[in-house]
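A.B. asks: The structure is given below, and queries will be raised subsequently.
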Amino acid sequence: MSAVAGTVEQMFNHPLRLLASFLPLLLGLLLVFLINMPVSFTGGLLPAPALALACVYFWVLVRPDLMPPAAVLLIGLAEDLLSGGPPGLWAAGFLAAHWLTDRERDSFAGLTGVGALVGFAAVVLSAALAAYGLETVVYLRLAPVAPLLLHGVSTVVFYPLVALPMGWLLHKVVGPMRGGD
C-alpha cells in the first residue's frame with residue numbers, strides 16, 4: 001500500500017483527524033460568510049475587514065499543512081462571490097498573501113506585539129496590491145486607492161480578534177484532534 005493511500009485511509013478511520021484537517025478551511029469560509037452579512041462592526045466608519053485573510057495568514061504561519069493554496073483559493077473565491085467583486089480578484093490577493101507568508105514564515109513567526117501587526121500589515125498590503133493590479137486589468141482603469149487602504153487598515157485592526165481564537169483552537173482543538181502533531 002502506498003504512503004498516500006495509507007494516510008488517506010488513516011484520516012477516514014479517524015473522523016476527528018479529518019475534521020481537524022479541514023477546520024482552518026471551514027473557519028476561513030465561515031469568516032467570509034460572517035463578514036459579508038449586511039451588518040457593520042464599525043457602524044459604517046470602516047469598510048468590512050478581510051477576516052478570512054487573517055485566518056489564512058494565521059494558519060499558513062503556524063500550520064501551513066492545514067492551509068494549502070487550494071484551500072486559500074476556495075476561501076478567496078468565496079470572498080469574491082459573496083462580496084460582489086469579479087471572481088478571482090480576492091482569490092488572487094489571498095494567494096499572494098499565502099505566497100508571502102509561506103516564503104517569509106520564519107521572519108513572521110518571530111514577531112510579537114506591534115511587530116506581529118506590522119508583519120500582518122505587509123501581508124495585507126501584498127494581497128491588496130494583487131487585487132488592485134487585477135482590478136486595474138479587469139476594469140482598464142486605476143481604481144481609487146483610499147477605499148482599499150481603509151479596507152487594509154480595518155483588516156489589520158481586527159487581526160487580533162481573529163488570531164486569539166485561532167491560537168486557542170490550534171492548541172486546544174486542532175493539536176489534540178490530530179494526535180498532538
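Chain labels run A, B, ... following the order of the C-alpha cells; each chain numbers its residues from 1, and ligands are numbered from 1 in the order shown.
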Taking the DSSP assignment computed from this structure's backbone, write out as number ranges by chain all residues of chain A that belong to alpha helix (DSSP H).
C.D. replies: A: 3-13, 15-35, 51-62, 69-83, 89-103, 105-109, 114-139, 146-169, 175-177
A.B. asks: Hey, what's within 10 Å of segment 144-158 of chain A if we count only C-alpha atoms and toss same-chain stuff fewer than 6 positions away? As number ranges by chain, please?
C.D. replies: A: 41-42, 45-54, 117-125, 127-129, 131-132
A.B. asks: Those residues you just picked out, can you put them in a file as a PDB file, in the first residue's frame with N, CA and C atoms?
C.D. replies:
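Just written: result18.pdb:
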ATOM      1  N   PHE A  41     -19.470  46.042  11.744  1.00  0.00           N
ATOM      2  CA  PHE A  41     -18.844  46.027  13.064  1.00  0.00           C
ATOM      3  C   PHE A  41     -18.493  47.437  13.536  1.00  0.00           C
ATOM      4  N   THR A  42     -18.269  48.333  12.610  1.00  0.00           N
ATOM      5  CA  THR A  42     -17.787  49.674  12.954  1.00  0.00           C
ATOM      6  C   THR A  42     -18.832  50.751  12.718  1.00  0.00           C
ATOM      7  N   LEU A  45     -18.079  53.186   9.772  1.00  0.00           N
ATOM      8  CA  LEU A  45     -16.900  54.057   9.765  1.00  0.00           C
ATOM      9  C   LEU A  45     -15.761  53.470   8.941  1.00  0.00           C
ATOM     10  N   LEU A  46     -15.602  52.161   9.002  1.00  0.00           N
ATOM     11  CA  LEU A  46     -14.555  51.474   8.247  1.00  0.00           C
ATOM     12  C   LEU A  46     -15.205  50.407   7.370  1.00  0.00           C
ATOM     13  N   PRO A  47     -14.582  50.112   6.239  1.00  0.00           N
ATOM     14  CA  PRO A  47     -15.103  49.002   5.445  1.00  0.00           C
ATOM     15  C   PRO A  47     -14.922  47.683   6.197  1.00  0.00           C
ATOM     16  N   ALA A  48     -15.692  46.700   5.815  1.00  0.00           N
ATOM     17  CA  ALA A  48     -15.600  45.391   6.471  1.00  0.00           C
ATOM     18  C   ALA A  48     -14.188  44.833   6.319  1.00  0.00           C
ATOM     19  N   PRO A  49     -13.597  44.351   7.407  1.00  0.00           N
ATOM     20  CA  PRO A  49     -12.248  43.789   7.323  1.00  0.00           C
ATOM     21  C   PRO A  49     -12.264  42.430   6.621  1.00  0.00           C
ATOM     22  N   ALA A  50     -11.140  42.063   6.072  1.00  0.00           N
ATOM     23  CA  ALA A  50     -10.992  40.751   5.439  1.00  0.00           C
ATOM     24  C   ALA A  50     -10.560  39.757   6.511  1.00  0.00           C
ATOM     25  N   LEU A  51     -11.509  39.358   7.340  1.00  0.00           N
ATOM     26  CA  LEU A  51     -11.190  38.452   8.442  1.00  0.00           C
ATOM     27  C   LEU A  51     -10.690  37.108   7.937  1.00  0.00           C
ATOM     28  N   ALA A  52     -11.176  36.688   6.785  1.00  0.00           N
ATOM     29  CA  ALA A  52     -10.703  35.420   6.218  1.00  0.00           C
ATOM     30  C   ALA A  52      -9.222  35.513   5.846  1.00  0.00           C
ATOM     31  N   LEU A  53      -8.766  36.688   5.457  1.00  0.00           N
ATOM     32  CA  LEU A  53      -7.342  36.876   5.156  1.00  0.00           C
ATOM     33  C   LEU A  53      -6.517  36.703   6.435  1.00  0.00           C
ATOM     34  N   ALA A  54      -7.038  37.192   7.544  1.00  0.00           N
ATOM     35  CA  ALA A  54      -6.365  36.997   8.829  1.00  0.00           C
ATOM     36  C   ALA A  54      -6.301  35.513   9.175  1.00  0.00           C
ATOM     37  N   LEU A 117       1.718  42.800  14.167  1.00  0.00           N
ATOM     38  CA  LEU A 117       0.745  43.570  13.377  1.00  0.00           C
ATOM     39  C   LEU A 117       1.393  44.158  12.125  1.00  0.00           C
ATOM     40  N   VAL A 118       2.638  44.601  12.250  1.00  0.00           N
ATOM     41  CA  VAL A 118       3.352  45.142  11.089  1.00  0.00           C
ATOM     42  C   VAL A 118       3.596  44.025  10.063  1.00  0.00           C
ATOM     43  N   GLY A 119       3.957  42.842  10.530  1.00  0.00           N
ATOM     44  CA  GLY A 119       4.135  41.710   9.621  1.00  0.00           C
ATOM     45  C   GLY A 119       2.841  41.373   8.910  1.00  0.00           C
ATOM     46  N   PHE A 120       1.742  41.343   9.654  1.00  0.00           N
ATOM     47  CA  PHE A 120       0.444  41.075   9.029  1.00  0.00           C
ATOM     48  C   PHE A 120       0.073  42.196   8.065  1.00  0.00           C
ATOM     49  N   ALA A 121       0.396  43.436   8.421  1.00  0.00           N
ATOM     50  CA  ALA A 121       0.106  44.564   7.525  1.00  0.00           C
ATOM     51  C   ALA A 121       0.849  44.406   6.195  1.00  0.00           C
ATOM     52  N   ALA A 122       2.063  43.883   6.228  1.00  0.00           N
ATOM     53  CA  ALA A 122       2.810  43.646   4.983  1.00  0.00           C
ATOM     54  C   ALA A 122       2.101  42.608   4.121  1.00  0.00           C
ATOM     55  N   VAL A 123       1.557  41.598   4.759  1.00  0.00           N
ATOM     56  CA  VAL A 123       0.818  40.565   4.023  1.00  0.00           C
ATOM     57  C   VAL A 123      -0.479  41.138   3.463  1.00  0.00           C
ATOM     58  N   VAL A 124      -1.160  41.953   4.245  1.00  0.00           N
ATOM     59  CA  VAL A 124      -2.392  42.606   3.764  1.00  0.00           C
ATOM     60  C   VAL A 124      -2.068  43.493   2.567  1.00  0.00           C
ATOM     61  N   LEU A 125      -0.947  44.202   2.642  1.00  0.00           N
ATOM     62  CA  LEU A 125      -0.537  45.053   1.523  1.00  0.00           C
ATOM     63  C   LEU A 125      -0.280  44.222   0.271  1.00  0.00           C
ATOM     64  N   ALA A 127      -1.676  41.384  -0.517  1.00  0.00           N
ATOM     65  CA  ALA A 127      -2.991  40.951  -1.017  1.00  0.00           C
ATOM     66  C   ALA A 127      -3.701  42.109  -1.706  1.00  0.00           C
ATOM     67  N   ALA A 128      -3.628  43.295  -1.102  1.00  0.00           N
ATOM     68  CA  ALA A 128      -4.286  44.464  -1.681  1.00  0.00           C
ATOM     69  C   ALA A 128      -3.658  44.851  -3.022  1.00  0.00           C
ATOM     70  N   LEU A 129      -2.335  44.790  -3.106  1.00  0.00           N
ATOM     71  CA  LEU A 129      -1.667  45.125  -4.368  1.00  0.00           C
ATOM     72  C   LEU A 129      -2.030  44.132  -5.471  1.00  0.00           C
ATOM     73  N   ALA A 131      -4.838  42.366  -5.643  1.00  0.00           N
ATOM     74  CA  ALA A 131      -6.235  42.635  -6.000  1.00  0.00           C
ATOM     75  C   ALA A 131      -6.349  43.927  -6.801  1.00  0.00           C
ATOM     76  N   TYR A 132      -5.608  44.951  -6.399  1.00  0.00           N
ATOM     77  CA  TYR A 132      -5.650  46.239  -7.109  1.00  0.00           C
ATOM     78  C   TYR A 132      -5.125  46.080  -8.536  1.00  0.00           C
TER      79      TYR A 132
END
A.B. asks: If you count only C-alpha atoms, which residues fall within 9 Å of segment 73-81 of chain A, apart from same-chain ones fewer than 3 positions away, as a VMD selection string?
C.D. replies: chain A and resid 25 to 26 28 to 29 32 to 33 36 50 52 to 53 56 68 to 70 84 to 95
A.B. asks: Find the residues around Leu27 of chain A up to 12 Å (only C-alpha atoms counted), leave out those fewer than 6 positions away in its own chain, and share them as a list in words.
C.D. replies: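 Result of the neighbour search: Leu19, Ala20, Ser21, Phe33, Leu34, Leu51, Ala52, Leu53, Ala54, Cys55, Val56, Phe58, Trp59, Leu66, Met67, Ala71, Val72, Ile75, Val162, Ala163, Pro165, Met166, Leu169 and Leu170 of chain A.
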A.B. asks: Take the residues that were just selected and, keeping C-alpha atoms, output them as a PDB file, in the first residue's frame.
C.D. replies:
ATOM      1  CA  LEU A  19     -12.269  17.397  10.967  1.00  0.00           C
ATOM      2  CA  ALA A  20      -9.079  18.931  12.370  1.00  0.00           C
ATOM      3  CA  SER A  21      -7.532  18.856   8.902  1.00  0.00           C
ATOM      4  CA  PHE A  33     -19.842  34.394   5.302  1.00  0.00           C
ATOM      5  CA  LEU A  34     -19.908  36.376   8.557  1.00  0.00           C
ATOM      6  CA  LEU A  51     -11.190  38.452   8.442  1.00  0.00           C
ATOM      7  CA  ALA A  52     -10.703  35.420   6.218  1.00  0.00           C
ATOM      8  CA  LEU A  53      -7.342  36.876   5.156  1.00  0.00           C
ATOM      9  CA  ALA A  54      -6.365  36.997   8.829  1.00  0.00           C
ATOM     10  CA  CYS A  55      -7.386  33.337   9.102  1.00  0.00           C
ATOM     11  CA  VAL A  56      -5.309  32.427   6.053  1.00  0.00           C
ATOM     12  CA  PHE A  58      -2.573  32.664  10.843  1.00  0.00           C
ATOM     13  CA  TRP A  59      -2.843  29.090   9.575  1.00  0.00           C
ATOM     14  CA  LEU A  66      -3.600  22.782   7.079  1.00  0.00           C
ATOM     15  CA  MET A  67      -3.936  25.800   4.755  1.00  0.00           C
ATOM     16  CA  ALA A  71      -7.928  25.996   0.368  1.00  0.00           C
ATOM     17  CA  VAL A  72      -6.825  29.631   0.063  1.00  0.00           C
ATOM     18  CA  ILE A  75     -11.717  30.958   0.507  1.00  0.00           C
ATOM     19  CA  VAL A 162      -9.153  36.517  14.729  1.00  0.00           C
ATOM     20  CA  ALA A 163      -5.669  35.463  15.864  1.00  0.00           C
ATOM     21  CA  PRO A 165      -9.384  32.477  18.980  1.00  0.00           C
ATOM     22  CA  MET A 166      -7.376  30.754  16.224  1.00  0.00           C
ATOM     23  CA  LEU A 169      -8.256  26.435  18.513  1.00  0.00           C
ATOM     24  CA  LEU A 170      -4.756  25.440  17.450  1.00  0.00           C
TER      25      LEU A 170
END
A.B. asks: Ranking A:Leu82, A:Leu61, A:Ala97, A:Leu142 by minimum distance to Met37 of chain A and counting only C-alpha atoms, which one comes first?
C.D. replies: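 For Met37 of chain A, the nearest of the given residues is A:Leu82.
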A.B. asks: For Leu23 of chain A, which residue out of A:Ser126, A:Thr136, A:Asp65, A:Asp106 is the nearest one, using only C-alpha atoms?
C.D. replies: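 For Leu23 of chain A, the nearest of the candidates is A:Asp65.
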A.B. asks: Measuring between only C-alpha atoms, which one of A:Leu31, A:Thr101, A:Ala143, A:Gly110 shows the shortest distance to Pro64 of chain A?
C.D. replies: A:Thr101
A.B. asks: Grab the atom CA of Asp102 of chain A to atom CA of Lys172 of chain A distance for me, in Å with one decimal place.
C.D. replies: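 For atom CA of Asp102 of chain A relative to atom CA of Lys172 of chain A, the distance reads 23.7 Å.
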